[in-house]
Structure formats: structure tokens, C-alpha cells
Amino acid sequence: MEYIKLANLLFPHVTKTEEDIYREFPKRKTGGKVTRLGPSPTGFIHLGNLYGAFVDERLAHQSGGTFYLRIEDTDDKRYVDGAVETIINSLRFFDINFDEGALIDGEKGDYGPYTQSLRADIYHVFAKKLVAEGKAYPCFLTEDEINEIRAEQEKVKANPGIYGKWAKSRDLSYEEIEEKINAKVPYVIRLKSSAKEERFQVEDAIRGTLEMPCNNLDTVILKATGIPTYHFAHVVDDHLMGTTHVVRGEEWLPSLPIHVELFEKLGWQPMTYCHTAQLMKIGEDGNKRKLSKRKDPELSLDYYRNMGYHPAAVREYLLTILNSNFEEWRIANPDKDIEEFEFTTQKMSNSGALFDLNKLNDVSKDVLLKIPASELVDFLKAWSDEFKPEVGHIFSDRKYLETVLDIGRAEAKPRKDHIYAQQMIENISYFFDDMFKIEEDFPAEAKDDAKLILEKYIETYDHSDDQSQWFDKIRRIAEELGYAAKPKDYKKNPDQYKGHVGHVSTVIRVAIVGRTQSPDIWEIQQILGEERTRERLR
RNA sequence: GGCCCCAUGGUCAAGCGGUUAAGACAUCGCCCUUUCACGGCGGUAACUCGAGUUCGAUUCUCGAUGGGGUCACCA
């Protein structure tokens, strides 16, 4: 078989050589790591993507390298309008920014185009090269024929796939191929696998040495449309674009042999692989399972934006599951910027982590505590503009809002009330008259005296009282009505009292904020002002 | 089914041949306290199993079991 003749028959339009391409894509000069995110443009982006993107970003930027965005749109069915913008904006929200690639205001960087569908001529140069060297061949098998092969394989218990004797287009003569081409019979280009009966080893930056059998599959590298499959595009692009570290989910591990053979046949050196563990969730059956775009909309990034989690909190949480030593570092360095933490692939876990909302909430409390109230207002405002415009009026008095958000935060043992925007709004709603409502009942112990308690409270109320004067008055009211002035007395002799001062103050609390739990009432009253305080007591 | 990855409390996880098997979250109890939150103290709770190697295995090897992934002209 004259392979070069075949290559020319298949790729008459390809005039460039591989040397031409190498001139267009010179080796990068930077010393740092080069990573990339290669999303397919479905526009859907979930926590798992963010998790991976975070690894890419840290690896690149921590080493003074480059992080770029490549759109992997080799499957035209997947394309969703505006998806690229969504991806970029979602990631930017979490402070993950690209240095080059297919960005919103056009391409940036010297290794473009960064959209795979625009790189067809490049892939063809290398596909042609492989054909010319007898390492790839056209395959004319139809879908039906492939199904038949699979059925036959099942019958004889052979592994499914096109390989070895099942690869029926492998041994077509030039004349046969030419005849089909002229007859416009559709075909794909397949790798002609060497199917070495041995195992190979690859170093993975997360998992250490990986050992698996060599590939034996005649994988499709160019589809009938002339567009490459992921496997081929990955190898060609990452080599040409100078990627040093390929970060991807562990679901790619099984196709690693294909990629390794592709690199070998192309005469290239594979880059460092970093196969991350998948983020899991508990399925309906109680078992762990991979996050799925279809089934788990609540784990899409939008869910967290909707709830109003602060991006810094999500980043902080992600880092705790990404690098096992991060929490320790954080405890030792509570005030350092997250950038200062030295992220390493070695410290990454290689078993799938279950997403833990409790932990996120806990982390979030600490993160929000460190954010000044004025910034919190900005954050809340941006969130409400997008997700809850009906509360827009709470931003009309910024200073007031800041004061509200700052309750108890300056103390040595600060309150950690804030977790995420939606919850914060709910928490502070009683500070706004239109959102204030009585949500809970008076405590059972003081229910019958509620009216009396409030009357006496209004009578003695002096807005200029300081906190201790104010509470002394409540103590007095409690005693007058037969409640213990100290909870301990009540606990000792529960029969002697109707209840204790806590029950009395809870009546007042319910009147002021509408619930049985809140920060200090005196402080709240000071913020509300005398007029509104009295209003609510009526 | 073949191949691949993984395996310490409910969750995330330290550990890398000898430890009373860390820590965080969650949970429970106590303390602080006018409620809640915060904080403090304490408790419950783990090495999947079986063979080896070894004086000694959570740690190394093999096997089993379990979980996950993958076997497309999807990525």
C-alpha cells in the first residue's frame, strides 16, 4: 500500500506540512505551568467544573504561568448560544480569570484559534501525516455494520470495539478505497493501533505512577465531518498550545492509553496529567455517585449564586476539599490571603469527595465575618439586583444597612450570623417595616402575661437607658409579675415562679422582631430608634 | 463482562512499619448566657474482609468484597 498516495487521496486540500504548523506554534518561552480549561459549550457549568478550573488556575498562576480557555466544540450538537459567555462570567464571579484563549472580547494569545471547530485544517495536517505513515486509515463501516460487529463480539464474549480482526476497513486496497471515495461513501479516519501486548506507565501528578495496558482500539480520530474527536483534538491542541499540565476528571483515565498511543505515533512527548477525583453526591439508593448535569441542577454553580453564597466562601470551601492541608494552614494563618497558600497536586485527594453543605456554611460564616459591612452591602446589592429585586429598597439607606449587618461583629467573640445572601436578608428582615411580621408565638411560660408585660415595658421605657439600666427594668417587671429575675433561681425552684426573666424578655423580643431568637434586643432597639420601637410595642 | 480508579468515624480527612489512630464539619452533654449566635470543656463515633511479608501491620504484597468510572463518528 502506498500510504502517501492514500494520504493525498484523502486530504487533497491539505498543503501545509507539520513543519509549517510548528512554525505557527512555536514553543512557549515562559517558565511557569501552562494549563487550560476545555469546556464544551453547553453553557452548563457545575461545581465539578469549578473544582477543576480552580486547580488549573492555581497551578498556572502560582507558578507564573498561563491559564487559557479553549472551547471544545467538536460536537456540534452540544452548542448552546451564549454558552461561552456564561462560562467565562460564571468563573469570573469566583475570581477565576483566563490569561488567554477564546475570551468574550475576542481571542487573546498566540496559539489560536482557541475554538476547536476553527482548527480543522490544523488537525487535518496531522491526520494526513498519520495516514501517510500508515498509522491511520479511512474506515467505511456504517452504523449498522458496527452494531453487527458488536453483536457478534457479544456472542463470542470479545471486548467491544473496532480493533484487530474486527477492523474490517484496515486492509482495504488503495483501489477499493479510491472507488468508495469517488462514490462519496462517508468514512472516518481511525488510528491504526499497534495493539502492543504490554503495559505502560505514566506519572500522574495527583495519583503517582499509573500502569495500564497499551491501547488496542482503532479509535476514530476524525469524524465523517472532518472534525476531530476529543482524543485527537486533545493531543494535537495541548501539544501545539504548549500545555504543560492537563487537569481533567478521572473519568478520562480509561482513555489514557489512546492518548498515549496518539502521542507516540505523532512523535510527541505527553505532558503531565493530573486526573482529579470526581465530586460525588449521595444518590437515591444511598450510594455515592458522580455529579450529573442532568440529575443535579442544585449542584450547578447557579444554585450557589442563587442562594447568594459569597464567591470567596465557595473558593475557601473548595480549597478545603482540594488540598488536605489547607484547613490546617488556614487555622495557622487566619488573616492571610488565599493566594498565599501553596497549592500542590500531591496534596490532592484521589478519592471522590462528597459535597458537604454544612461545611460550606461553616466556612462561609468565617469568611463573611472578615468582610467589612460596606463590602457586604455591595455584595448583597449585586445579588439582590439579580435574584431578588423586590428587596431593593433596603439599600436606600446604606449606613443603616451596614449598622444592621454589623450587629455583634466587633466583639472579641463575634457573632457569625451571616452565611449567604438569601439567609442574611431573611435574618435582618425585621429591621424593615414592610418585611416585619410576627412569625412566632410568645413563650408558653409568659403567654398569659404578655399583654401586661408589654404595658409595663412601655410605661418604663426610656430610649436613652444604657444596656444595663434597660435590663434592670426588665428584671423588675419580671419580679413584679412573679417571674424569677435569674434563670438559675427558676431552675432551682420551678414551682415558685411562673417562669424566669428570659421568658419575659422573649415576650418583648417577639414584639420587637417577631421571633423568639435574635441578637441583643437593646441593640436592635437602638438601631430601630425610639419611634419605631414604641410603634412595635403597641 | 473487560479494563481503570478508589477504600480510616455520618462527612472531609491526617497517618506513609511500632501513635492512647490527629484535626475540621455534623451530632450529643455541660459551661457561659435574658433568647439565639459566638466561645469554652467534654462525649459518642473509624482503619471493609482474608491470606501473606515482618518481631510487629491502618501503613507493604496478593486475593476477595464494596463503591465509582469507562468501554461512541459525546466531551
# chains A, B, ... in the order shown; residues from 1 in each chain; ligands from 1
$ residues_around --residues "B:A22" --least-positions-apart "2" --cutoff "12 Å" --atoms "only C-alpha atoms (C1' of nucleotides)" --output "list of chain:residue names"
A:Glu328, B:U8, B:A13, B:A14, B:G15, B:U19, B:U20, B:A24
$ write_last_selection --atoms "N, CA and C atoms (P, O5', C5', C4', C3', O3' and C1' of nucleotides)" --output "compact mmCIF listing (two decimals), in the first residue's frame"
# COMPACT_ATOMS: atom_id res chain seq x y z
N GLU A 328 -5.58 23.32 57.95
CA GLU A 328 -4.53 23.50 58.93
C GLU A 328 -3.82 24.83 58.73
P U B 8 -11.86 5.17 53.32
O5' U B 8 -11.77 5.08 54.90
C5' U B 8 -11.55 3.79 55.50
C4' U B 8 -11.17 4.00 56.94
C3' U B 8 -11.95 5.10 57.66
O3' U B 8 -13.19 4.59 58.14
C1' U B 8 -9.67 5.38 58.08
P A B 13 -11.63 13.97 50.94
O5' A B 13 -10.50 14.48 51.92
C5' A B 13 -10.02 13.62 52.90
C4' A B 13 -9.31 14.41 53.94
C3' A B 13 -8.05 13.69 54.40
O3' A B 13 -6.96 14.26 53.70
C1' A B 13 -9.51 13.98 56.24
P A B 14 -5.62 13.45 53.67
O5' A B 14 -4.98 13.95 55.04
C5' A B 14 -3.75 13.40 55.42
C4' A B 14 -3.40 13.91 56.78
C3' A B 14 -2.31 13.07 57.42
O3' A B 14 -1.05 13.57 57.01
C1' A B 14 -4.10 13.33 58.95
P G B 15 -0.21 12.71 55.96
O5' G B 15 0.30 11.54 56.89
C5' G B 15 0.66 11.84 58.25
C4' G B 15 0.34 10.62 59.08
C3' G B 15 1.11 9.39 58.60
O3' G B 15 2.03 8.98 59.58
C1' G B 15 -1.21 8.93 59.01
P U B 19 2.23 1.72 68.13
O5' U B 19 2.10 3.04 68.96
C5' U B 19 3.06 4.10 68.82
C4' U B 19 2.31 5.42 68.88
C3' U B 19 1.04 5.38 69.72
O3' U B 19 1.37 5.74 71.04
C1' U B 19 0.66 6.52 67.65
P U B 20 0.89 4.77 72.26
O5' U B 20 -0.70 4.84 72.15
C5' U B 20 -1.50 3.81 72.67
C4' U B 20 -2.87 4.35 72.99
C3' U B 20 -3.53 5.10 71.84
O3' U B 20 -4.35 4.20 71.10
C1' U B 20 -3.66 6.37 73.86
P A B 24 -10.82 20.32 66.05
O5' A B 24 -11.45 20.62 64.61
C5' A B 24 -11.02 21.76 63.88
C4' A B 24 -11.71 21.78 62.54
C3' A B 24 -13.22 21.61 62.61
O3' A B 24 -13.89 22.83 62.88
C1' A B 24 -12.36 20.13 60.99
$ residues_around --residues "A:Ala421" --least-positions-apart "3" --cutoff "7 Å" --atoms "only C-alpha atoms (C1' of nucleotides)" --output "VMD selection string"
chain A and resid 307 to 309 380 424 to 425
$ write_last_selection --atoms "C-alpha atoms" --output "CSV table (one decimal), in the first residue's frame"
chain,number,residue,atom,x,y,z
A,307,MET,CA,-28.7,31.3,47.3
A,308,GLY,CA,-26.2,34.1,47.4
A,309,TYR,CA,-23.1,32.3,48.7
A,380,LEU,CA,-25.9,41.9,48.8
A,424,MET,CA,-29.0,37.2,55.5
A,425,ILE,CA,-31.9,39.0,54.1
$ select_by_dssp --residues "stretch 240-477 of chain A" --states "strand (DSSP E)" --output "short mmCIF file (atom, residue, chain, number, x, y, z; two decimals) with N, CA and C atoms, in the first residue's frame"
data_model
loop_
_atom_site.label_atom_id
_atom_site.label_comp_id
_atom_site.auth_asym_id
_atom_site.auth_seq_id
_atom_site.Cartn_x
_atom_site.Cartn_y
_atom_site.Cartn_z
N HIS A 245 0.37 21.00 31.87
CA HIS A 245 -0.38 20.17 32.81
C HIS A 245 -1.83 20.03 32.37
N VAL A 246 -2.23 18.81 32.10
CA VAL A 246 -3.61 18.56 31.72
C VAL A 246 -4.38 18.14 32.96
N VAL A 247 -5.26 19.03 33.42
CA VAL A 247 -6.09 18.72 34.57
C VAL A 247 -7.46 18.30 34.05
N ARG A 248 -7.87 17.11 34.40
CA ARG A 248 -9.18 16.64 33.94
C ARG A 248 -9.69 15.61 34.92
N GLY A 249 -10.97 15.31 34.82
CA GLY A 249 -11.60 14.37 35.74
C GLY A 249 -11.11 12.96 35.52
N THR A 272 2.24 16.49 31.55
CA THR A 272 1.89 15.92 32.85
C THR A 272 0.38 15.86 33.02
N TYR A 273 -0.10 14.71 33.38
CA TYR A 273 -1.53 14.57 33.61
C TYR A 273 -1.86 14.73 35.09
N CYS A 274 -3.00 15.34 35.35
CA CYS A 274 -3.50 15.49 36.71
C CYS A 274 -4.96 15.03 36.69
N HIS A 275 -5.18 13.79 37.01
CA HIS A 275 -6.55 13.29 36.99
C HIS A 275 -7.20 13.48 38.35
N THR A 276 -8.15 14.39 38.39
CA THR A 276 -8.78 14.73 39.66
C THR A 276 -9.90 13.76 40.00
N MET A 280 -18.68 13.94 44.32
CA MET A 280 -19.79 12.99 44.32
C MET A 280 -20.98 13.55 45.09
N LYS A 281 -22.09 12.85 44.94
CA LYS A 281 -23.20 13.16 45.83
C LYS A 281 -23.89 11.85 46.16
N ILE A 282 -24.71 11.88 47.20
CA ILE A 282 -25.41 10.67 47.59
C ILE A 282 -26.64 10.50 46.69
N LYS A 288 -22.78 6.66 46.79
CA LYS A 288 -22.15 7.82 46.17
C LYS A 288 -22.32 7.74 44.67
N ARG A 289 -22.45 8.86 44.03
CA ARG A 289 -22.37 8.83 42.58
C ARG A 289 -21.87 10.17 42.07
N LYS A 290 -21.35 10.10 40.87
CA LYS A 290 -20.77 11.26 40.23
C LYS A 290 -21.85 12.34 40.07
#
$ interface_residues --of "chain B" --to "chain A" --cutoff "8 Å" --atoms "only C-alpha atoms (C1' of nucleotides)" --output "NGL selection string"
:B and (1-6 or 11-13 or 23-26 or 34-39 or 67-71 or 73-75)
$ residues_around --residues "A:Asp81" --least-positions-apart "6" --cutoff "10 Å" --atoms "only C-alpha atoms (C1' of nucleotides)" --output "PyMOL selection string"
chain A and resi 41-43
$ write_last_selection --atoms "N, CA and C atoms" --output "JSON list (two decimals), in the first residue's frame"
[["chain", "number", "residue", "atom", "x", "y", "z"],
["A", 41, "PRO", "N", -19.27, 23.76, 24.86],
["A", 41, "PRO", "CA", -20.11, 24.94, 25.01],
["A", 41, "PRO", "C", -21.59, 24.64, 25.24],
["A", 42, "THR", "N", -21.88, 23.89, 26.27],
["A", 42, "THR", "CA", -23.28, 23.64, 26.60],
["A", 42, "THR", "C", -23.78, 24.75, 27.52],
["A", 43, "GLY", "N", -22.84, 25.50, 28.07],
["A", 43, "GLY", "CA", -23.24, 26.58, 28.94],
["A", 43, "GLY", "C", -23.51, 26.12, 30.35]]
